[in-house]
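A.B. asks: If it helps, the file is called final_5.csv and holds CSV, C-alpha atoms and all ligand atoms:
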```
chain,number,residue,atom,x,y,z
A,82,MET,CA,-27.3,-20.3,-2.6
A,83,GLN,CA,-28.8,-20.9,0.9
A,84,ASP,CA,-25.4,-21.4,2.3
A,85,LEU,CA,-24.2,-18.0,1.0
A,86,ALA,CA,-27.3,-16.2,2.3
A,87,ALA,CA,-26.9,-17.8,5.7
A,88,ALA,CA,-23.2,-16.9,5.8
A,89,LEU,CA,-23.9,-13.3,4.9
A,90,ALA,CA,-26.6,-13.1,7.6
A,91,GLU,CA,-24.1,-14.4,10.1
A,92,LEU,CA,-21.6,-11.7,9.0
A,93,GLU,CA,-24.4,-9.1,9.4
A,94,GLY,CA,-25.2,-10.4,12.9
A,95,GLN,CA,-21.5,-10.1,13.9
A,96,GLY,CA,-21.3,-6.6,12.6
A,97,LEU,CA,-18.7,-7.8,10.0
A,98,ARG,CA,-20.7,-7.5,6.8
A,99,ARG,CA,-19.1,-5.1,4.3
A,100,ARG,CA,-20.8,-2.8,1.9
A,101,ARG,CA,-19.6,-0.5,-0.8
A,102,ARG,CA,-20.3,3.2,-1.0
A,103,THR,CA,-20.5,4.8,-4.4
A,104,LEU,CA,-18.2,7.8,-5.2
A,105,GLU,CA,-19.8,10.3,-7.5
A,106,SER,CA,-16.9,12.9,-7.7
A,107,ALA,CA,-13.2,12.7,-8.4
A,108,GLN,CA,-11.1,11.3,-5.6
A,109,GLY,CA,-9.9,14.0,-3.2
A,110,ALA,CA,-10.2,15.5,0.2
A,111,HIS,CA,-13.7,16.6,-0.5
A,112,VAL,CA,-15.9,14.0,-2.2
A,113,ARG,CA,-19.5,13.3,-3.1
A,114,VAL,CA,-20.6,9.9,-2.0
A,115,ASP,CA,-24.2,8.4,-2.3
A,116,GLY,CA,-25.6,11.8,-3.0
A,117,ARG,CA,-23.9,13.7,-0.1
A,118,ASP,CA,-20.8,15.8,0.3
A,119,TYR,CA,-18.1,14.7,2.7
A,120,LEU,CA,-14.7,15.6,4.0
A,121,SER,CA,-12.8,12.4,3.4
A,122,PHE,CA,-9.9,10.8,5.3
A,123,CYS,CA,-10.3,7.5,3.4
A,124,SER,CA,-8.1,7.5,0.4
A,125,ASN,CA,-4.4,6.5,-0.2
A,126,ASP,CA,-4.1,9.5,-2.5
A,127,TYR,CA,-1.6,10.9,0.0
A,128,LEU,CA,-0.1,13.6,-2.3
A,129,GLY,CA,-3.5,14.7,-3.7
A,130,LEU,CA,-2.5,13.7,-7.3
A,131,ALA,CA,-5.4,11.4,-8.3
A,132,ALA,CA,-7.2,14.2,-10.1
A,133,HIS,CA,-4.3,16.6,-10.8
A,134,PRO,CA,-4.6,18.6,-14.1
A,135,ALA,CA,-1.1,17.5,-15.2
A,136,LEU,CA,-2.1,13.9,-15.0
A,137,ILE,CA,-5.4,14.5,-16.8
A,138,ALA,CA,-3.6,16.4,-19.6
A,139,ALA,CA,-1.0,13.5,-19.9
A,140,VAL,CA,-3.8,11.0,-20.2
A,141,GLN,CA,-5.7,13.1,-22.8
A,142,GLU,CA,-2.6,13.6,-24.9
A,143,ALA,CA,-1.6,9.9,-24.7
A,144,ALA,CA,-5.1,8.8,-25.6
A,145,ALA,CA,-5.1,11.1,-28.6
A,146,ASN,CA,-1.7,9.9,-29.9
A,147,HIS,CA,-1.6,6.3,-28.8
A,148,GLY,CA,-5.2,5.2,-28.3
A,149,VAL,CA,-6.7,3.6,-25.2
A,150,GLY,CA,-6.2,-0.2,-25.0
A,151,ALA,CA,-2.8,-1.9,-25.0
A,152,GLY,CA,-4.3,-4.7,-27.0
A,153,ALA,CA,-1.9,-7.5,-26.0
A,154,SER,CA,0.4,-8.7,-23.2
A,155,HIS,CA,3.9,-7.2,-22.9
A,156,LEU,CA,5.5,-10.3,-24.4
A,157,VAL,CA,3.3,-10.3,-27.5
A,158,ASN,CA,3.1,-6.7,-28.7
A,159,GLY,CA,1.5,-4.7,-25.9
A,160,HIS,CA,4.8,-3.3,-24.5
A,161,HIS,CA,4.6,0.3,-25.5
A,162,ALA,CA,7.3,3.0,-25.6
A,163,LEU,CA,5.4,4.8,-22.8
A,164,HIS,CA,5.8,1.7,-20.6
A,165,ALA,CA,9.5,1.4,-21.4
A,166,ARG,CA,10.1,5.1,-20.6
A,167,LEU,CA,8.3,4.9,-17.3
A,168,GLU,CA,10.2,1.7,-16.3
A,169,ALA,CA,13.5,3.6,-16.9
A,170,GLU,CA,12.3,6.6,-15.0
A,171,LEU,CA,11.2,4.5,-12.0
A,172,ALA,CA,14.4,2.5,-11.8
A,173,ALA,CA,16.5,5.7,-11.8
A,174,PHE,CA,14.2,7.3,-9.3
A,175,VAL,CA,14.5,4.5,-6.7
A,176,GLY,CA,18.2,4.0,-7.5
A,177,LEU,CA,18.1,0.4,-8.7
A,178,PRO,CA,19.3,-1.1,-11.9
A,179,ALA,CA,16.0,-2.0,-13.5
A,180,ALA,CA,12.2,-1.9,-13.0
A,181,LEU,CA,9.2,-3.8,-14.3
A,182,LEU,CA,5.6,-2.6,-14.4
A,183,PHE,CA,2.7,-4.7,-13.3
A,184,SER,CA,-1.0,-3.9,-13.6
A,185,THR,CA,-1.7,-3.9,-9.9
A,186,GLY,CA,0.3,-4.3,-6.6
A,187,TYR,CA,-1.6,-7.5,-5.9
A,188,MET,CA,-0.4,-9.0,-9.2
A,189,ALA,CA,3.1,-7.8,-8.6
A,190,ASN,CA,3.3,-9.6,-5.3
A,191,LEU,CA,1.8,-12.8,-6.7
A,192,GLY,CA,4.2,-12.7,-9.6
A,193,VAL,CA,7.4,-12.0,-7.7
A,194,VAL,CA,6.9,-14.5,-4.9
A,195,THR,CA,5.8,-17.4,-7.2
A,196,ALA,CA,8.7,-16.6,-9.6
A,197,LEU,CA,11.3,-16.7,-6.8
A,198,VAL,CA,10.2,-19.6,-4.6
A,199,GLY,CA,8.3,-22.9,-4.9
A,200,ARG,CA,8.0,-26.3,-3.2
A,201,GLY,CA,11.0,-27.0,-1.0
A,202,ASP,CA,11.7,-23.3,-0.4
A,203,ALA,CA,10.6,-21.1,2.5
A,204,VAL,CA,9.0,-17.7,2.8
A,205,PHE,CA,9.5,-15.7,6.1
A,206,ALA,CA,6.7,-13.3,6.5
A,207,ASP,CA,5.7,-10.6,9.0
A,208,ARG,CA,2.4,-11.4,10.6
A,209,LEU,CA,0.9,-8.0,9.6
A,210,ASN,CA,1.9,-8.2,5.9
A,211,HIS,CA,-0.7,-7.2,3.3
A,212,ALA,CA,-3.2,-9.9,2.2
A,213,SER,CA,-1.6,-9.9,-1.3
A,214,LEU,CA,1.7,-11.1,0.2
A,215,VAL,CA,-0.1,-13.8,2.2
A,216,ASP,CA,-1.8,-15.0,-0.9
A,217,ALA,CA,1.4,-14.9,-2.9
A,218,CYS,CA,3.1,-17.2,-0.3
A,219,LEU,CA,0.2,-19.7,-0.5
A,220,LEU,CA,0.2,-19.7,-4.2
A,221,ALA,CA,3.9,-20.3,-4.3
A,222,ARG,CA,3.5,-23.6,-2.3
A,223,ALA,CA,6.6,-22.8,-0.4
A,224,GLU,CA,6.7,-23.3,3.4
A,225,HIS,CA,5.1,-20.2,4.9
A,226,VAL,CA,6.9,-19.2,8.1
A,227,ARG,CA,5.3,-16.2,9.9
A,228,TYR,CA,7.0,-14.2,12.6
A,229,PRO,CA,5.5,-11.7,15.1
A,230,HIS,CA,5.2,-8.2,13.8
A,231,GLY,CA,8.7,-6.6,13.5
A,232,ASP,CA,10.3,-9.3,15.7
A,233,LEU,CA,13.8,-9.7,14.2
A,234,ALA,CA,14.9,-12.0,17.0
A,235,VAL,CA,12.2,-14.6,16.1
A,236,LEU,CA,12.9,-14.1,12.4
A,237,GLU,CA,16.5,-14.8,13.0
A,238,LYS,CA,15.8,-18.0,14.9
A,239,ARG,CA,13.4,-19.2,12.2
A,240,LEU,CA,15.9,-18.4,9.4
A,241,ALA,CA,18.7,-20.3,11.3
A,242,ALA,CA,16.5,-23.3,11.8
A,243,SER,CA,15.4,-23.6,8.2
A,244,THR,CA,16.9,-26.1,5.8
A,245,ALA,CA,15.0,-24.7,2.8
A,246,ARG,CA,16.8,-24.6,-0.6
A,247,HIS,CA,15.8,-20.9,-1.2
A,248,LYS,CA,14.8,-18.4,1.4
A,249,LEU,CA,12.7,-15.3,0.9
A,250,ILE,CA,11.9,-12.7,3.5
A,251,VAL,CA,8.8,-10.6,2.7
A,252,SER,CA,7.6,-7.5,4.5
A,253,ASP,CA,5.5,-4.5,4.1
A,254,ALA,CA,7.9,-1.5,4.2
A,255,VAL,CA,5.2,0.7,5.7
A,256,PHE,CA,2.4,-1.4,7.2
A,257,SER,CA,-0.8,-0.7,5.5
A,258,MET,CA,-3.2,-0.8,8.6
A,259,ASP,CA,-0.7,0.4,11.2
A,260,GLY,CA,1.4,3.0,9.4
A,261,ASP,CA,4.7,2.0,11.1
A,262,VAL,CA,7.9,1.4,9.1
A,263,ALA,CA,9.5,-2.1,9.1
A,264,PRO,CA,12.9,-2.5,10.7
A,265,LEU,CA,14.7,-2.1,7.4
A,266,ALA,CA,18.3,-2.3,8.3
A,267,GLY,CA,17.7,-5.4,10.5
A,268,LEU,CA,15.9,-7.1,7.7
A,269,LEU,CA,18.7,-6.3,5.2
A,270,ASP,CA,21.3,-7.7,7.7
A,271,LEU,CA,19.3,-10.9,8.3
A,272,ALA,CA,18.8,-11.5,4.6
A,273,GLN,CA,22.5,-11.1,3.9
A,274,ARG,CA,23.6,-13.3,6.9
A,275,HIS,CA,21.1,-16.1,6.0
A,276,ASP,CA,21.6,-16.0,2.3
A,277,ALA,CA,18.0,-15.0,1.6
A,278,TRP,CA,16.1,-12.8,-0.8
A,279,LEU,CA,14.3,-9.8,0.7
A,280,LEU,CA,11.1,-8.4,-0.8
A,281,LEU,CA,10.0,-5.1,0.5
A,282,ASP,CA,6.4,-3.9,-0.4
A,283,ASP,CA,6.5,-0.1,-0.3
A,284,ALA,CA,2.9,0.5,-1.3
A,285,HIS,CA,2.6,3.2,1.3
A,286,GLY,CA,6.1,4.7,1.4
A,287,PHE,CA,6.7,5.4,-2.3
A,288,GLY,CA,6.1,9.1,-3.1
A,289,VAL,CA,5.7,9.8,0.7
A,290,LEU,CA,9.0,9.0,2.4
A,291,GLY,CA,12.5,10.2,1.5
A,292,GLY,CA,13.5,13.7,0.6
A,293,ARG,CA,12.3,13.4,-3.0
A,294,GLY,CA,9.6,10.9,-2.4
A,295,GLN,CA,11.7,8.0,-3.6
A,296,GLY,CA,10.3,5.8,-0.9
A,297,THR,CA,11.4,3.8,2.2
A,298,LEU,CA,14.8,2.8,0.8
A,299,ALA,CA,15.9,6.4,1.1
A,300,LEU,CA,15.8,6.0,4.8
A,301,LEU,CA,18.8,3.6,4.6
A,302,ASP,CA,22.3,5.1,4.2
A,303,ARG,CA,24.1,2.1,2.8
A,304,SER,CA,24.5,0.1,-0.4
A,305,LEU,CA,21.7,-2.3,-1.2
A,306,PRO,CA,22.3,-6.0,-1.7
A,307,GLU,CA,21.8,-7.6,-5.1
A,308,ARG,CA,19.0,-9.8,-3.8
A,309,LEU,CA,16.8,-7.0,-2.7
A,310,VAL,CA,13.4,-6.9,-4.5
A,311,TYR,CA,11.7,-3.5,-4.2
A,312,MET,CA,8.0,-3.3,-4.9
A,313,ALA,CA,5.8,-0.2,-4.9
A,314,THR,CA,2.3,0.5,-6.0
A,315,LEU,CA,1.3,3.4,-8.3
A,316,GLY,CA,-2.4,3.8,-7.3
A,317,LYS,CA,-1.7,5.3,-3.9
A,318,ALA,CA,0.6,8.4,-3.6
A,319,ALA,CA,1.4,8.3,-7.3
A,320,GLY,CA,-2.4,8.8,-7.9
A,321,VAL,CA,-2.9,6.5,-10.9
A,322,ALA,CA,-2.9,2.7,-11.0
A,323,GLY,CA,-0.5,-0.2,-11.2
A,324,ALA,CA,2.8,-1.2,-9.5
A,325,PHE,CA,6.4,-1.8,-10.3
A,326,VAL,CA,9.2,-4.1,-9.1
A,327,ALA,CA,12.8,-2.9,-9.1
A,328,GLY,CA,16.0,-4.7,-8.6
A,329,SER,CA,19.0,-6.2,-10.4
A,330,GLN,CA,18.9,-6.6,-14.2
A,331,ALA,CA,18.9,-10.4,-13.8
A,332,LEU,CA,15.9,-10.3,-11.4
A,333,ILE,CA,13.9,-8.2,-13.9
A,334,GLU,CA,14.8,-10.5,-16.8
A,335,TRP,CA,13.8,-13.5,-14.7
A,336,LEU,CA,10.4,-11.9,-13.9
A,337,VAL,CA,9.8,-11.0,-17.5
A,338,ASN,CA,10.1,-14.7,-18.3
A,339,LYS,CA,8.6,-16.3,-15.2
A,340,ALA,CA,6.2,-14.0,-13.3
A,341,ARG,CA,2.9,-15.4,-14.5
A,342,THR,CA,0.9,-12.3,-13.5
A,343,TYR,CA,3.2,-10.4,-15.9
A,344,VAL,CA,3.3,-12.9,-18.7
A,345,TYR,CA,-0.4,-13.9,-18.9
A,346,THR,CA,-2.2,-10.6,-18.7
A,347,THR,CA,-2.9,-7.7,-21.1
A,348,ALA,CA,-0.6,-4.8,-20.6
A,349,ALA,CA,-2.1,-1.8,-18.8
A,350,PRO,CA,-3.2,1.0,-21.1
A,351,PRO,CA,-0.1,3.1,-22.2
A,352,LEU,CA,-2.0,6.3,-21.2
A,353,LEU,CA,-1.7,5.2,-17.6
A,354,ALA,CA,2.1,5.1,-18.0
A,355,ALA,CA,2.0,8.6,-19.5
A,356,ALA,CA,0.0,9.8,-16.4
A,357,LEU,CA,2.6,8.2,-14.1
A,358,SER,CA,5.5,9.9,-15.8
A,359,ALA,CA,3.7,13.2,-15.2
A,360,SER,CA,3.0,12.1,-11.6
A,361,LEU,CA,6.7,11.3,-11.0
A,362,GLN,CA,7.6,14.9,-12.1
A,363,LEU,CA,5.2,16.2,-9.4
A,364,ILE,CA,6.4,13.8,-6.8
A,365,VAL,CA,10.0,15.1,-7.3
A,366,GLY,CA,9.2,18.7,-8.2
A,367,GLU,CA,6.7,19.6,-5.5
A,368,PRO,CA,8.2,18.7,-2.1
A,369,TRP,CA,5.7,21.0,-0.4
A,370,ARG,CA,3.2,18.1,-0.7
A,371,ARG,CA,5.3,16.0,1.7
A,372,GLU,CA,5.9,19.0,4.0
A,373,ARG,CA,2.2,19.5,4.2
A,374,LEU,CA,1.7,15.9,5.2
A,375,ARG,CA,4.2,16.2,8.0
A,376,GLU,CA,2.4,19.3,9.2
A,377,TRP,CA,-1.0,17.6,9.2
A,378,ILE,CA,0.4,14.6,11.1
A,379,ALA,CA,1.7,16.9,13.8
A,380,CYS,CA,-1.6,18.8,14.0
A,381,LEU,CA,-3.6,15.6,14.3
A,382,LYS,CA,-1.3,14.2,17.0
A,383,ALA,CA,-1.5,17.4,19.0
A,384,GLY,CA,-5.3,17.6,18.6
A,385,MET,CA,-5.9,14.0,19.8
A,386,ALA,CA,-4.2,14.3,23.1
A,387,GLY,CA,-6.4,13.4,26.0
A,388,LEU,CA,-9.0,11.5,24.0
A,389,PRO,CA,-10.2,8.0,25.1
A,390,TRP,CA,-8.7,6.4,22.0
A,391,ALA,CA,-5.0,6.7,21.1
A,392,LEU,CA,-3.4,7.2,17.7
A,393,MET,CA,-1.1,4.2,16.9
A,394,PRO,CA,2.6,5.1,16.8
A,395,SER,CA,3.1,6.2,13.2
A,396,GLU,CA,5.1,8.9,11.4
A,397,THR,CA,3.4,8.3,8.0
A,398,PRO,CA,0.1,9.6,6.7
A,399,ILE,CA,-1.6,6.4,7.9
A,400,GLN,CA,-2.7,7.5,11.4
A,401,PRO,CA,-4.9,4.7,12.8
A,402,LEU,CA,-7.0,5.6,15.9
A,403,LEU,CA,-7.1,2.4,17.9
A,404,VAL,CA,-10.7,1.7,19.2
A,405,GLY,CA,-10.5,-2.1,20.0
A,406,ASP,CA,-14.0,-3.3,19.7
A,407,HIS,CA,-15.3,-3.5,16.2
A,408,ARG,CA,-18.8,-2.4,17.0
A,409,GLU,CA,-17.5,0.6,18.8
A,410,ALA,CA,-15.3,1.4,15.8
A,411,LEU,CA,-18.4,1.2,13.6
A,412,ARG,CA,-20.3,3.5,16.0
A,413,LEU,CA,-17.6,6.0,15.8
A,414,ALA,CA,-17.3,5.9,12.0
A,415,GLU,CA,-21.1,6.4,11.8
A,416,GLY,CA,-20.9,9.4,14.2
A,417,LEU,CA,-18.3,11.0,12.0
A,418,ARG,CA,-20.4,10.2,8.9
A,419,GLU,CA,-23.4,12.0,10.4
A,420,ARG,CA,-21.0,15.0,10.9
A,421,GLY,CA,-20.0,14.9,7.2
A,422,ILE,CA,-16.7,13.1,7.7
A,423,LEU,CA,-15.7,9.8,6.1
A,424,ILE,CA,-13.2,7.5,7.7
A,425,PRO,CA,-13.2,3.7,7.3
A,426,ALA,CA,-13.6,1.5,10.3
A,427,ILE,CA,-11.1,-1.3,9.8
A,428,ARG,CA,-12.3,-4.6,11.3
A,429,PRO,CA,-11.2,-8.2,11.5
A,430,PRO,CA,-10.2,-10.1,9.5
A,431,THR,CA,-8.3,-7.2,7.9
A,432,VAL,CA,-6.8,-6.5,11.4
A,433,PRO,CA,-6.4,-8.9,14.4
A,434,GLN,CA,-9.4,-9.4,16.7
A,435,GLY,CA,-9.8,-6.7,19.3
A,436,THR,CA,-7.8,-4.1,17.3
A,437,ALA,CA,-10.5,-2.5,15.3
A,438,ARG,CA,-9.6,1.0,14.3
A,439,LEU,CA,-10.4,4.1,12.4
A,440,ARG,CA,-7.8,4.3,9.6
A,441,ILE,CA,-7.3,8.0,9.2
A,442,SER,CA,-5.3,8.8,6.1
A,443,LEU,CA,-4.0,12.2,5.6
A,444,SER,CA,-3.4,13.9,2.3
A,445,ALA,CA,-1.6,16.9,1.0
A,446,ALA,CA,-5.0,17.8,-0.5
A,447,HIS,CA,-6.3,18.5,3.0
A,448,THR,CA,-6.2,22.0,4.5
A,449,ALA,CA,-5.6,23.0,8.1
A,450,THR,CA,-9.3,23.6,8.4
A,451,ASP,CA,-10.0,20.1,7.3
A,452,VAL,CA,-7.8,18.6,10.0
A,453,GLU,CA,-9.3,20.9,12.6
A,454,ARG,CA,-12.8,19.8,11.7
A,455,LEU,CA,-11.8,16.1,12.2
A,456,VAL,CA,-10.2,16.9,15.6
A,457,THR,CA,-13.4,18.8,16.7
A,458,ALA,CA,-15.7,16.0,15.6
A,459,LEU,CA,-13.7,13.3,17.4
A,460,ARG,CA,-13.6,15.5,20.6
A,461,ASP,CA,-17.4,15.9,20.2
A,462,LEU,CA,-17.9,12.1,19.9
A,463,ALA,CA,-15.7,11.5,23.0
A,464,ALA,CA,-17.7,13.9,25.2
A,501,LIG,C1,-2.6,-1.6,-1.7
A,501,LIG,C2,-1.6,-2.6,-1.4
A,501,LIG,C3,-1.2,-3.6,-2.3
A,501,LIG,C4,-2.0,-3.9,-3.5
A,501,LIG,O1,-1.8,-2.9,-4.5
A,501,LIG,P1,-2.9,-2.6,-5.6
A,501,LIG,O2,-2.2,-1.9,-6.6
A,501,LIG,O3,-4.0,-1.9,-4.9
A,501,LIG,O4,-3.3,-4.0,-6.0
A,501,LIG,C5,-0.1,-4.4,-2.0
A,501,LIG,N1,0.6,-4.2,-0.8
A,501,LIG,C6,0.2,-3.3,0.1
A,501,LIG,C7,1.1,-3.1,1.3
A,501,LIG,C8,-0.8,-2.5,-0.2
A,501,LIG,O5,-1.2,-1.5,0.8
```
Starting from the file, give its structure as structure tokens.

C.D. replies:
Amino acid sequence: MQDLAAALAELEGQGLRRRRRTLESAQGAHVRVDGRDYLSFCSNDYLGLAAHPALIAAVQEAAANHGVGAGASHLVNGHHALHARLEAELAAFVGLPAALLFSTGYMANLGVVTALVGRGDAVFADRLNHASLVDACLLARAEHVRYPHGDLAVLEKRLAASTARHKLIVSDAVFSMDGDVAPLAGLLDLAQRHDAWLLLDDAHGFGVLGGRGQGTLALLDRSLPERLVYMATLGKAAGVAGAFVAGSQALIEWLVNKARTYVYTTAAPPLLAAALSASLQLIVGEPWRRERLREWIACLKAGMAGLPWALMPSETPIQPLLVGDHREALRLAEGLRERGILIPAIRPPTVPQGTARLRISLSAAHTATDVERLVTALRDLAA
């Protein structure tokens, strides 16, 4: 216990101790936190669906008709018709043969990587990949080969030098703390040329990118290889919870049998699947949500010109303001909080040393006035 207390005190001294705030309202652009109202640029609820009436109605109806708990794992008897319907809808939406639901994105990544590779195999991973992909590689006990962010030349060299039995390339499709899109076409080429699987984690592209919100794959105008594993989460733009993996029929059958985070866990409540089916209809049917996002991205970029901190290059709703020093990032976040605006300061170890940032995330739930308020507050803090 003394070791823990000392380690926590050390984090405190370094300005790296983390604390939770308590949300007392629904998730949205305007939230109540620890007894005070804020304008929030914190959530990944990019389309503003987390508290949408259609999702609430779907949950209420599903609860009334099907109860709350799933009661068992998918392979025992927790696999509900609402899960099956959603899987079919998701596969059709992203244009792949089959899909499989997981309870969280973290579990999906652990399950997929450990089901595809093991000892004697190699995983090739972008240095800025999400923590769940890093942990998945460690758990799989495969060789973990990292390459510099987005560096296809280095990736190619490492693939060529590898004698591993099975090779798997893993990458965020949209990087969660930077907002940039991975070099998708190059990754697909390298996977094909080096006989490797490719896992793309589209946690931040699904619902947001592509004309209908079908995600990052929509940016590619070519046929997809059989060994593509597409993963997206359902607690961000989709506004609910969970994740899915999509790919070939054989891949999905294999995961049903071998992904331990699928097999050995209770199925998510079917009412969440009902909410997600409702969410999919809004994602497809209300393209104005994506148009609004594009508008807010442009407004923010224009408003930030000439400030001492620069927005990182990103065309997605993740618009990080690079501050550098983590204490300065905290000071800025605190200044915004005093002005009634919540934005998280992202510090090491979530991001590399010296690259602390304010991770501004935009939502279709924001208004032009909200974005203007943020720009004014940042200009005020820079003065
Ligand atoms: C959020 C996130 C995850 C984890 O998804 P959860 O459903 O929140 O567990 C995985 N990968 C990336 C890139 C993420 O941003």

A.B. asks: Could you give me, as a VMD selection string, every polymer residue with an atom at most 9 Å away from an atom of ligand LIG 501 (chain A), counting all atoms listed in the file?

C.D. replies: chain A and resid 125 183 to 190 210 to 214 252 to 258 282 to 285 312 to 317 322 to 324

A.B. asks: Please, could you write that set of residues out with C-alpha atoms as a PDB file, keeping the file's coordinate frame?

C.D. replies:
```
ATOM      1  CA  ASN A 125      -4.400   6.500  -0.200  1.00  0.00           C
ATOM      2  CA  PHE A 183       2.700  -4.700 -13.300  1.00  0.00           C
ATOM      3  CA  SER A 184      -1.000  -3.900 -13.600  1.00  0.00           C
ATOM      4  CA  THR A 185      -1.700  -3.900  -9.900  1.00  0.00           C
ATOM      5  CA  GLY A 186       0.300  -4.300  -6.600  1.00  0.00           C
ATOM      6  CA  TYR A 187      -1.600  -7.500  -5.900  1.00  0.00           C
ATOM      7  CA  MET A 188      -0.400  -9.000  -9.200  1.00  0.00           C
ATOM      8  CA  ALA A 189       3.100  -7.800  -8.600  1.00  0.00           C
ATOM      9  CA  ASN A 190       3.300  -9.600  -5.300  1.00  0.00           C
ATOM     10  CA  ASN A 210       1.900  -8.200   5.900  1.00  0.00           C
ATOM     11  CA  HIS A 211      -0.700  -7.200   3.300  1.00  0.00           C
ATOM     12  CA  ALA A 212      -3.200  -9.900   2.200  1.00  0.00           C
ATOM     13  CA  SER A 213      -1.600  -9.900  -1.300  1.00  0.00           C
ATOM     14  CA  LEU A 214       1.700 -11.100   0.200  1.00  0.00           C
ATOM     15  CA  SER A 252       7.600  -7.500   4.500  1.00  0.00           C
ATOM     16  CA  ASP A 253       5.500  -4.500   4.100  1.00  0.00           C
ATOM     17  CA  ALA A 254       7.900  -1.500   4.200  1.00  0.00           C
ATOM     18  CA  VAL A 255       5.200   0.700   5.700  1.00  0.00           C
ATOM     19  CA  PHE A 256       2.400  -1.400   7.200  1.00  0.00           C
ATOM     20  CA  SER A 257      -0.800  -0.700   5.500  1.00  0.00           C
ATOM     21  CA  MET A 258      -3.200  -0.800   8.600  1.00  0.00           C
ATOM     22  CA  ASP A 282       6.400  -3.900  -0.400  1.00  0.00           C
ATOM     23  CA  ASP A 283       6.500  -0.100  -0.300  1.00  0.00           C
ATOM     24  CA  ALA A 284       2.900   0.500  -1.300  1.00  0.00           C
ATOM     25  CA  HIS A 285       2.600   3.200   1.300  1.00  0.00           C
ATOM     26  CA  MET A 312       8.000  -3.300  -4.900  1.00  0.00           C
ATOM     27  CA  ALA A 313       5.800  -0.200  -4.900  1.00  0.00           C
ATOM     28  CA  THR A 314       2.300   0.500  -6.000  1.00  0.00           C
ATOM     29  CA  LEU A 315       1.300   3.400  -8.300  1.00  0.00           C
ATOM     30  CA  GLY A 316      -2.400   3.800  -7.300  1.00  0.00           C
ATOM     31  CA  LYS A 317      -1.700   5.300  -3.900  1.00  0.00           C
ATOM     32  CA  ALA A 322      -2.900   2.700 -11.000  1.00  0.00           C
ATOM     33  CA  GLY A 323      -0.500  -0.200 -11.200  1.00  0.00           C
ATOM     34  CA  ALA A 324       2.800  -1.200  -9.500  1.00  0.00           C
TER      35      ALA A 324
END
```

A.B. asks: Residues at most 10 Å from Arg98 of chain A, counting only C-alpha atoms, excluding those fewer than 5 positions away in the same chain, as a compact mmCIF listing (two decimals) with C-alpha atoms, in the coordinates of the input?

C.D. replies:
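The result, written out as around_21.txt:
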```txt
# COMPACT_ATOMS: atom_id res chain seq x y z
CA ALA A 88 -23.20 -16.90 5.80
CA LEU A 89 -23.90 -13.30 4.90
CA ALA A 90 -26.60 -13.10 7.60
CA GLU A 91 -24.10 -14.40 10.10
CA LEU A 92 -21.60 -11.70 9.00
CA GLU A 93 -24.40 -9.10 9.40
CA ARG A 428 -12.30 -4.60 11.30
```

A.B. asks: Under the rule of at most 6 Å, produce a per-residue listing of segment 159-208 of chain A near segment 328-337 of chain A: chain, number, name, the closest pair of atoms, and the distance in Å, as a tab-separated table, using all atoms listed in the file.

C.D. replies:
```
residue	atom	partner	partner_atom	distance
A:Leu177	CA	A:Gly328	CA	5.5
A:Pro178	CA	A:Ser329	CA	5.3
A:Ala179	CA	A:Gln330	CA	5.5
```

A.B. asks: Create the file for the chosen residues now, containing C-alpha atoms and written as a CSV table (one decimal), keeping the file's coordinate frame.

C.D. replies:
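Contents of the output file result.csv:
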```csv
chain,number,residue,atom,x,y,z
A,177,LEU,CA,18.1,0.4,-8.7
A,178,PRO,CA,19.3,-1.1,-11.9
A,179,ALA,CA,16.0,-2.0,-13.5
```

A.B. asks: Please identify every residue of segment 224-315 of chain A that has at least one atom no farther than 12 Å from an atom of segment 358-367 of chain A, counting all atoms listed in the file, and for each give the shortest atom pair and the distance in Å to one decimal, arranged by chain then increasing number, as a Markdown table.

C.D. replies:
```
| residue | atom | partner | partner_atom | distance |
| --- | --- | --- | --- | --- |
| A:Phe287 | CA | A:Ile364 | CA | 9.5 |
| A:Gly288 | CA | A:Ile364 | CA | 6.0 |
| A:Val289 | CA | A:Ile364 | CA | 8.5 |
| A:Leu290 | CA | A:Ile364 | CA | 10.7 |
| A:Gly291 | CA | A:Val365 | CA | 10.4 |
| A:Gly292 | CA | A:Val365 | CA | 8.8 |
| A:Arg293 | CA | A:Val365 | CA | 5.2 |
| A:Gly294 | CA | A:Ile364 | CA | 6.2 |
| A:Gln295 | CA | A:Val365 | CA | 8.2 |
| A:Gly296 | CA | A:Ile364 | CA | 10.7 |
| A:Leu315 | CA | A:Ser360 | CA | 9.5 |
```

A.B. asks: Which residues are close to Gly152 of chain A, i.e. within 12 Å by all atoms listed in the file, leaving aside same-chain residues fewer than 3 positions away? Reply as a CSV table (one decimal) with C-alpha atoms, keeping the file's coordinate frame.

C.D. replies:
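What ended up in part_4.csv:
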```csv
chain,number,residue,atom,x,y,z
A,147,HIS,CA,-1.6,6.3,-28.8
A,148,GLY,CA,-5.2,5.2,-28.3
A,149,VAL,CA,-6.7,3.6,-25.2
A,155,HIS,CA,3.9,-7.2,-22.9
A,156,LEU,CA,5.5,-10.3,-24.4
A,157,VAL,CA,3.3,-10.3,-27.5
A,158,ASN,CA,3.1,-6.7,-28.7
A,159,GLY,CA,1.5,-4.7,-25.9
A,160,HIS,CA,4.8,-3.3,-24.5
A,161,HIS,CA,4.6,0.3,-25.5
A,346,THR,CA,-2.2,-10.6,-18.7
A,347,THR,CA,-2.9,-7.7,-21.1
A,348,ALA,CA,-0.6,-4.8,-20.6
A,349,ALA,CA,-2.1,-1.8,-18.8
A,350,PRO,CA,-3.2,1.0,-21.1
A,351,PRO,CA,-0.1,3.1,-22.2
```
